[in-house]
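So this block is coords.tsv, TSV, C-alpha atoms:
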chain	number	residue	atom	x	y	z
A	1	MET	CA	1.08	55.36	-98.12
A	2	ASP	CA	0.67	59.10	-97.29
A	3	SER	CA	2.44	60.70	-94.37
A	4	GLY	CA	-0.68	60.77	-92.16
A	5	ALA	CA	-1.36	57.08	-92.66
A	6	ALA	CA	2.29	56.22	-92.04
A	7	SER	CA	2.29	58.21	-88.81
A	8	PHE	CA	-0.88	56.49	-87.62
A	9	TYR	CA	0.58	53.09	-88.49
A	10	ARG	CA	3.80	53.80	-86.59
A	11	ARG	CA	1.84	54.92	-83.49
A	12	ARG	CA	-0.29	51.77	-83.63
A	13	MET	CA	2.77	49.49	-83.89
A	14	ASN	CA	4.49	51.28	-80.99
A	15	ARG	CA	1.42	50.80	-78.80
A	16	ARG	CA	1.31	47.11	-79.75
A	17	ARG	CA	5.02	46.65	-78.92
A	18	TRP	CA	4.52	48.39	-75.55
A	19	ARG	CA	1.57	46.09	-74.70
A	20	VAL	CA	3.57	42.99	-75.60
A	21	ALA	CA	6.54	44.16	-73.51
A	22	PHE	CA	4.26	44.97	-70.57
A	23	VAL	CA	2.62	41.56	-70.69
A	24	ALA	CA	6.02	39.84	-70.88
A	25	VAL	CA	7.41	41.76	-67.91
A	26	ALA	CA	4.23	41.23	-65.92
A	27	GLY	CA	4.32	37.54	-66.72
A	28	VAL	CA	7.88	37.25	-65.46
A	29	ALA	CA	6.99	39.10	-62.27
A	30	VAL	CA	3.94	36.93	-61.62
A	31	ALA	CA	5.96	33.79	-62.31
A	32	GLY	CA	8.56	35.01	-59.84
A	33	LEU	CA	5.92	35.66	-57.21
A	34	ILE	CA	4.40	32.23	-57.76
A	35	ALA	CA	7.81	30.56	-57.55
A	36	THR	CA	8.62	32.45	-54.36
A	37	ALA	CA	5.30	31.46	-52.83
A	38	LEU	CA	5.84	27.85	-53.78
A	39	LEU	CA	9.34	27.84	-52.36
A	40	ALA	CA	8.19	29.49	-49.15
A	41	GLY	CA	5.39	26.98	-48.73
A	42	ARG	CA	7.30	23.94	-49.89
A	43	HIS	CA	8.27	22.89	-46.34
A	44	PRO	CA	6.45	21.53	-44.42
A	45	VAL	CA	3.25	21.86	-46.54
A	46	ALA	CA	4.64	19.52	-49.20
A	47	GLN	CA	5.60	16.79	-46.67
A	48	PRO	CA	4.10	13.40	-47.60
A	49	ALA	CA	0.96	12.61	-45.68
A	50	GLY	CA	1.71	11.11	-42.29
A	51	GLN	CA	5.40	11.97	-42.40
A	52	PRO	CA	6.87	14.46	-39.87
A	53	ALA	CA	8.94	17.37	-41.07
A	54	ALA	CA	12.65	16.65	-41.07
A	55	THR	CA	14.70	18.45	-38.44
A	56	PRO	CA	18.46	18.95	-38.43
A	57	ALA	CA	20.57	16.86	-36.08
A	58	ALA	CA	21.54	18.67	-32.88
A	59	PRO	CA	23.10	17.87	-29.51
A	60	ALA	CA	20.73	16.29	-27.02
A	61	PRO	CA	18.54	18.97	-25.40
A	62	PRO	CA	17.95	19.16	-21.65
A	63	GLY	CA	15.77	16.35	-20.47
A	64	PRO	CA	15.82	14.06	-23.55
A	65	ALA	CA	14.29	10.58	-23.62
A	66	ALA	CA	16.98	8.12	-22.58
A	67	LEU	CA	17.90	4.58	-23.49
A	68	ALA	CA	19.95	2.72	-20.87
A	69	VAL	CA	21.72	-0.56	-21.67
A	70	LYS	CA	23.37	-2.84	-19.10
A	71	ILE	CA	26.75	-3.89	-20.50
A	72	ASP	CA	29.09	-6.66	-19.43
A	73	ASN	CA	32.55	-5.60	-18.24
A	74	VAL	CA	34.62	-8.73	-17.63
A	75	PRO	CA	37.55	-9.90	-19.82
A	76	GLU	CA	35.34	-12.36	-21.74
A	77	ALA	CA	33.11	-9.45	-22.82
A	78	LEU	CA	35.87	-7.32	-24.35
A	79	PRO	CA	35.84	-5.49	-26.63
A	80	GLN	CA	32.33	-4.17	-26.08
A	81	THR	CA	30.13	-2.52	-28.68
A	82	GLY	CA	28.42	0.83	-28.24
A	83	LEU	CA	30.56	2.40	-25.52
A	84	GLY	CA	32.05	5.04	-27.78
A	85	SER	CA	28.60	6.22	-28.84
A	86	ALA	CA	27.16	6.64	-25.33
A	87	ASP	CA	26.41	10.06	-23.86
A	88	VAL	CA	26.86	8.86	-20.26
A	89	ILE	CA	28.39	5.68	-18.88
A	90	TYR	CA	28.00	4.56	-15.27
A	91	VAL	CA	30.32	2.06	-13.64
A	92	GLU	CA	28.57	0.21	-10.83
A	93	PRO	CA	29.93	-2.41	-8.42
A	94	VAL	CA	28.48	-5.92	-8.59
A	95	GLU	CA	29.26	-9.29	-7.02
A	96	GLY	CA	32.83	-10.49	-6.55
A	97	GLY	CA	34.31	-7.00	-6.75
A	98	LEU	CA	33.49	-6.84	-10.47
A	99	THR	CA	31.79	-4.00	-12.31
A	100	ARG	CA	28.96	-3.58	-14.79
A	101	LEU	CA	28.37	-0.64	-17.09
A	102	ILE	CA	25.21	1.30	-17.82
A	103	ALA	CA	25.44	3.07	-21.16
A	104	VAL	CA	22.94	5.91	-21.56
A	105	TYR	CA	22.02	7.28	-24.98
A	106	PHE	CA	20.07	10.49	-25.61
A	107	GLY	CA	20.22	10.81	-29.38
A	108	ARG	CA	20.36	8.10	-32.02
A	109	PRO	CA	22.08	5.04	-30.51
A	110	PRO	CA	24.39	2.77	-32.48
A	111	ALA	CA	22.93	-0.11	-34.46
A	112	VAL	CA	24.16	-2.71	-31.95
A	113	VAL	CA	25.10	-2.55	-28.25
A	114	GLY	CA	26.52	-5.25	-25.99
A	115	PRO	CA	27.26	-7.68	-24.58
A	116	VAL	CA	24.06	-7.12	-22.60
A	117	ARG	CA	23.83	-8.36	-19.02
A	118	SER	CA	21.34	-8.43	-16.19
A	119	ALA	CA	19.71	-5.63	-14.21
A	120	ARG	CA	20.59	-4.86	-10.59
A	121	GLY	CA	18.87	-3.18	-7.68
A	122	SER	CA	21.20	-0.20	-8.06
A	123	ASP	CA	19.62	0.50	-11.47
A	124	LEU	CA	16.20	1.06	-9.91
A	125	GLY	CA	17.50	3.91	-7.76
A	126	LEU	CA	19.77	5.46	-10.38
A	127	LEU	CA	17.65	5.64	-13.54
A	128	PRO	CA	14.45	7.49	-12.47
A	129	GLN	CA	16.35	10.79	-12.74
A	130	TYR	CA	16.10	10.24	-16.52
A	131	GLY	CA	12.30	10.29	-16.43
A	132	ARG	CA	10.96	6.99	-17.73
A	133	PRO	CA	13.92	5.64	-19.68
A	134	THR	CA	14.01	2.46	-21.70
A	135	LEU	CA	16.16	-0.14	-19.94
A	136	ALA	CA	17.68	-2.93	-22.04
A	137	TYR	CA	18.95	-5.86	-19.96
A	138	SER	CA	19.30	-9.62	-20.30
A	139	GLY	CA	17.19	-10.55	-17.30
A	140	ALA	CA	17.17	-10.27	-13.50
A	141	ALA	CA	17.03	-12.30	-10.33
A	142	PRO	CA	13.47	-13.42	-9.45
A	143	GLU	CA	13.48	-11.18	-6.36
A	144	LEU	CA	14.03	-8.15	-8.55
A	145	LEU	CA	11.41	-8.77	-11.23
A	146	PRO	CA	8.41	-7.28	-9.36
A	147	SER	CA	10.37	-4.11	-8.59
A	148	LEU	CA	11.46	-3.81	-12.21
A	149	ALA	CA	7.87	-4.15	-13.37
A	150	ALA	CA	6.73	-1.41	-10.98
A	151	ALA	CA	9.65	0.97	-11.63
A	152	PRO	CA	9.31	4.09	-13.84
A	153	LEU	CA	11.08	2.29	-16.69
A	154	VAL	CA	10.24	0.87	-20.08
A	155	ASN	CA	11.26	-2.74	-19.51
A	156	ALA	CA	13.03	-3.89	-22.66
A	157	SER	CA	14.54	-7.28	-21.90
A	158	PRO	CA	14.41	-10.25	-24.32
A	159	ALA	CA	11.27	-11.37	-22.51
A	160	GLN	CA	9.45	-8.24	-23.76
A	161	PHE	CA	11.22	-7.68	-27.10
A	162	PRO	CA	12.86	-10.92	-28.27
A	163	GLN	CA	13.20	-9.65	-31.84
A	164	ALA	CA	15.63	-6.92	-30.68
A	165	TYR	CA	18.23	-9.36	-29.30
A	166	PHE	CA	20.64	-11.83	-30.85
A	167	ARG	CA	23.64	-13.91	-29.80
A	168	ASP	CA	27.11	-13.84	-31.32
A	169	ASP	CA	28.09	-17.49	-31.67
A	170	THR	CA	31.79	-16.59	-31.86
A	171	ARG	CA	31.72	-15.61	-28.17
A	172	PRO	CA	31.02	-17.74	-25.11
A	173	ALA	CA	27.69	-17.40	-23.32
A	174	PRO	CA	26.59	-15.45	-21.33
A	175	HIS	CA	28.94	-12.80	-22.78
A	176	ASN	CA	27.45	-12.92	-26.27
A	177	LEU	CA	23.99	-11.30	-26.06
A	178	TYR	CA	23.53	-8.11	-28.10
A	179	VAL	CA	20.65	-5.70	-28.63
A	180	ARG	CA	19.54	-3.66	-31.63
A	181	PRO	CA	18.31	-0.43	-30.00
A	182	GLY	CA	16.39	0.59	-33.11
A	183	LEU	CA	13.89	-2.21	-32.36
A	184	LEU	CA	13.15	-0.98	-28.85
A	185	PRO	CA	10.50	1.57	-27.83
A	186	ARG	CA	11.48	5.05	-26.72
A	187	GLY	CA	11.11	6.14	-23.13
A	188	GLN	CA	9.83	9.43	-21.78
A	189	PRO	CA	12.04	12.37	-20.75
A	190	PRO	CA	11.93	13.86	-17.26
A	191	ASP	CA	9.30	16.51	-16.60
A	192	ALA	CA	11.75	19.00	-15.10
A	193	THR	CA	14.32	20.97	-17.06
A	194	PRO	CA	17.23	21.16	-17.21
A	195	GLY	CA	17.74	17.42	-17.38
A	196	PRO	CA	19.87	15.05	-15.34
A	197	HIS	CA	23.15	16.76	-16.25
A	198	THR	CA	24.28	20.35	-16.61
A	199	PHE	CA	27.11	21.32	-18.95
A	200	GLY	CA	29.10	24.52	-19.12
A	201	PRO	CA	32.37	26.25	-18.27
A	202	ALA	CA	34.25	25.22	-15.16
A	203	PRO	CA	33.71	27.48	-12.13
A	204	GLY	CA	37.43	28.25	-11.96
A	205	PRO	CA	40.79	26.50	-11.92
A	206	GLY	CA	41.05	23.17	-10.18
A	207	VAL	CA	44.16	21.14	-9.48
A	208	ALA	CA	46.15	20.29	-12.60
A	209	ALA	CA	45.84	16.57	-13.29
A	210	THR	CA	47.09	14.42	-16.13
A	211	ALA	CA	46.15	11.01	-14.70
A	212	TYR	CA	43.65	9.53	-12.26
A	213	GLN	CA	42.89	5.98	-11.12
A	214	VAL	CA	39.75	4.38	-9.70
A	215	ARG	CA	40.09	0.94	-8.16
A	216	TYR	CA	37.45	-1.70	-7.44
A	217	PRO	CA	38.33	-5.05	-5.84
A	218	ALA	CA	38.41	-6.76	-9.25
A	219	ALA	CA	38.65	-3.87	-11.73
A	220	THR	CA	40.96	-0.89	-12.15
A	221	PHE	CA	40.22	2.12	-14.37
A	222	ASP	CA	42.90	4.60	-15.43
A	223	PHE	CA	42.19	7.99	-16.99
A	224	VAL	CA	44.90	9.98	-18.79
A	225	TRP	CA	44.34	13.53	-20.05
A	226	SER	CA	45.11	14.43	-23.67
A	227	ALA	CA	45.30	18.21	-24.11
A	228	PRO	CA	45.14	18.11	-27.95
A	229	ALA	CA	42.04	15.91	-27.93
A	230	ARG	CA	40.59	17.53	-24.79
A	231	ARG	CA	39.57	14.07	-23.67
A	232	TRP	CA	40.46	11.56	-20.98
A	233	SER	CA	41.62	8.25	-22.47
A	234	ILE	CA	40.35	5.23	-20.55
A	235	SER	CA	42.13	2.00	-19.67
A	236	LEU	CA	40.77	-1.09	-17.94
A	237	ALA	CA	43.21	-3.36	-16.12
A	238	GLY	CA	46.10	-1.54	-17.77
A	239	ALA	CA	44.87	-1.93	-21.36
A	240	PRO	CA	43.17	0.78	-23.45
A	241	LEU	CA	39.41	0.34	-23.40
A	242	GLU	CA	38.03	0.02	-26.93
A	243	SER	CA	34.61	-0.22	-28.51
A	244	THR	CA	34.10	-2.03	-31.79
A	245	GLU	CA	32.19	0.84	-33.43
A	246	SER	CA	34.52	3.67	-32.42
A	247	GLY	CA	37.93	2.40	-31.32
A	248	PRO	CA	39.49	3.82	-28.13
A	249	VAL	CA	36.93	5.08	-25.63
A	250	THR	CA	37.37	8.58	-24.20
A	251	ALA	CA	35.48	10.99	-21.96
A	252	ALA	CA	35.24	14.76	-21.66
A	253	THR	CA	34.30	14.48	-17.97
A	254	VAL	CA	35.06	11.77	-15.44
A	255	VAL	CA	33.32	11.70	-12.07
A	256	GLU	CA	34.14	9.47	-9.13
A	257	GLN	CA	30.88	9.59	-7.17
A	258	ARG	CA	31.29	8.13	-3.70
A	259	VAL	CA	28.11	6.46	-2.53
A	260	GLU	CA	26.89	4.07	0.14
A	261	VAL	CA	27.34	0.49	-1.11
A	262	ARG	CA	26.01	-2.34	1.03
A	263	PRO	CA	24.92	-5.95	0.51
A	264	GLY	CA	21.27	-6.51	-0.25
A	265	ASP	CA	19.23	-7.49	2.81
A	266	PRO	CA	16.81	-10.41	2.24
A	267	THR	CA	14.27	-8.72	4.52
A	268	GLU	CA	13.89	-5.89	1.99
A	269	SER	CA	11.40	-6.16	-0.83
A	270	GLY	CA	12.92	-6.28	-4.29
A	271	VAL	CA	16.51	-6.69	-3.13
A	272	VAL	CA	18.77	-9.58	-4.05
A	273	ASN	CA	20.43	-11.07	-0.98
A	274	GLY	CA	24.12	-10.20	-0.86
A	275	SER	CA	24.16	-8.29	-4.15
A	276	PRO	CA	25.89	-4.89	-3.79
A	277	LEU	CA	23.38	-2.06	-3.66
A	278	ALA	CA	24.66	1.43	-4.53
A	279	ARG	CA	22.59	4.26	-3.05
A	280	THR	CA	22.57	7.25	-5.40
A	281	VAL	CA	19.90	9.32	-3.64
A	282	GLY	CA	21.21	11.64	-0.93
A	283	THR	CA	24.51	13.43	-0.81
A	284	GLY	CA	28.19	12.63	-0.65
A	285	ASP	CA	31.70	13.41	-1.84
A	286	ALA	CA	32.94	13.30	-5.41
A	287	VAL	CA	35.89	14.09	-7.65
A	288	VAL	CA	35.25	15.71	-11.03
A	289	LEU	CA	37.87	15.56	-13.78
A	290	ARG	CA	37.51	17.96	-16.71
A	291	ASP	CA	39.77	20.15	-18.86
A	292	GLY	CA	42.89	18.53	-17.43
A	293	GLN	CA	41.86	19.65	-13.95
A	294	ARG	CA	40.74	17.79	-10.84
A	295	TYR	CA	37.98	19.32	-8.72
A	296	PRO	CA	37.03	18.12	-5.25
A	297	ALA	CA	33.26	18.15	-5.15
A	298	THR	CA	30.07	17.11	-3.46
A	299	TRP	CA	27.01	15.56	-5.05
A	300	VAL	CA	23.38	15.95	-4.07
A	301	ARG	CA	20.21	14.22	-5.26
A	302	PRO	CA	17.26	14.73	-2.91
A	303	SER	CA	14.85	12.22	-4.47
A	304	PRO	CA	14.81	9.41	-7.07
A	305	ASP	CA	13.27	11.62	-9.77
A	306	ALA	CA	15.62	14.54	-9.04
A	307	PRO	CA	18.82	15.03	-11.06
A	308	THR	CA	22.26	14.58	-9.54
A	309	ARG	CA	24.07	17.88	-9.16
A	310	PHE	CA	27.76	18.42	-8.44
A	311	ARG	CA	29.10	21.39	-6.49
A	312	THR	CA	32.41	22.77	-5.35
A	313	PRO	CA	33.24	22.66	-1.63
A	314	ALA	CA	32.15	26.32	-1.51
A	315	GLY	CA	28.72	25.32	-2.83
A	316	ASP	CA	29.07	26.71	-6.36
A	317	PRO	CA	27.64	24.67	-9.25
A	318	LEU	CA	30.21	22.45	-10.94
A	319	PRO	CA	28.93	21.72	-14.47
A	320	LEU	CA	30.31	19.00	-16.70
A	321	ALA	CA	32.37	19.59	-19.82
A	322	PRO	CA	30.42	19.09	-23.06
A	323	GLY	CA	31.00	15.60	-24.39
A	324	PRO	CA	30.86	12.01	-23.13
A	325	VAL	CA	30.60	11.57	-19.36
A	326	TRP	CA	31.83	8.66	-17.24
A	327	ILE	CA	30.49	8.36	-13.68
A	328	LEU	CA	32.07	5.73	-11.47
A	329	LEU	CA	30.06	4.76	-8.38
A	330	THR	CA	32.54	3.84	-5.67
A	331	PRO	CA	32.02	2.92	-2.00
A	332	ALA	CA	32.19	5.96	0.27

Can the structure in the file be given as structure tokens, please?
Amino acid sequence: MDSGAASFYRRRMNRRRWRVAFVAVAGVAVAGLIATALLAGRHPVAQPAGQPAATPAAPAPPGPAALAVKIDNVPEALPQTGLGSADVIYVEPVEGGLTRLIAVYFGRPPAVVGPVRSARGSDLGLLPQYGRPTLAYSGAAPELLPSLAAAPLVNASPAQFPQAYFRDDTRPAPHNLYVRPGLLPRGQPPDATPGPHTFGPAPGPGVAATAYQVRYPAATFDFVWSAPARRWSISLAGAPLESTESGPVTAATVVEQRVEVRPGDPTESGVVNGSPLARTVGTGDAVVLRDGQRYPATWVRPSPDAPTRFRTPAGDPLPLAPGPVWILLTPA
């Protein structure tokens, strides 16, 4: 091969190598762009048909849909199930100086809650601040049934959802009825935001407190502050209160809310004669325990669908500490 032909051949081979390299690099770049586009569009475009996009778990936002469960609170009902998973627990007075609990859940509730007991007139005034919550209860007195049906609640008793309830044969009736919340419908959150409770830093120092007691005629609750855990441990009748799914029950905030409590008047519609009726609409005194401090307070709730707000004696907002809340309704 002469020198001219060799030179031409070398130039041709160089051009061919350059084209091959260019195509290879371009192919890699295009593949990268395609992969990037696919990754960027993978979620939620690639969600299966009819399935919502997954969202990460987060604390309950203001005004979430609520599930409320009436829970037994006598010695035969202990230990209960589901208390340690509740966002808010109310203690309300009932007949004979005893108490019942209302456990309120905003996020995913536990698989089982109980023992479940009956609804009371106090529930009808208390729960509308949560919008249209689901109320799980075992039943109610005949006088109360029309009011329950007309209340802004999702009635979720065994009469409406028998498949959600079961009895534990190892316990005596009526302290052996349990509910599976996952089989109940969801309620609707309140229209207004923020929701029924406000959380945040304390408005200032209160009175240092390591222990506090709330007494009912037939039930005594003790709260002891643990600085390392930043929680109030809870005892009932001198024994630590426990829940089967979580062990010892604790609270970040404890509120003694002093309310009018009077016997039901048979002349009133939807009221059970003689059954204690706690009025939670209006205003009154309270004590708020948080951060190892005790705060004298007032509470105000102008209407049934309005949230309850706590304030210092000077009128400043008194938010709750983030975490589980216990609110004990006691006679003013």

Legend entry - Shell around stretch 276-279 of chain A at 9 Å using only C-alpha atoms, local window under 3 positions removed, as an NGL selection string: :A and (92-95 or 120-123 or 125-126 or 259-264 or 271-273 or 282 or 329-331)

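Checking A:Arg117, A:Arg230, A:Arg108, A:His197 one by one against A:Ser85, counting all atoms listed in the file, you find the shortest gap at A:Arg108.
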
Stretch 195-228 of chain A residues near stretch 284-292 of chain A within 7 Å, closest pair each, using all atoms listed in the file, as CSV:
residue,atom,partner,partner_atom,distance
A:Ala208,CA,A:Gly292,CA,6.1
A:Ala209,CA,A:Gly292,CA,5.4
A:Thr210,CA,A:Gly292,CA,6.0
A:Trp225,CA,A:Gly292,CA,5.8

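The smallest atom-to-atom distance between A:Ala297 and any of A:Phe310, A:Phe221, A:Tyr105, A:Trp326, using only C-alpha atoms, is found for A:Phe310.
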
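Using only C-alpha atoms, the nearest neighbour of A:Pro248 within the list A:Ser235, A:Ala173, A:Arg100, A:Pro75 is A:Ser235.
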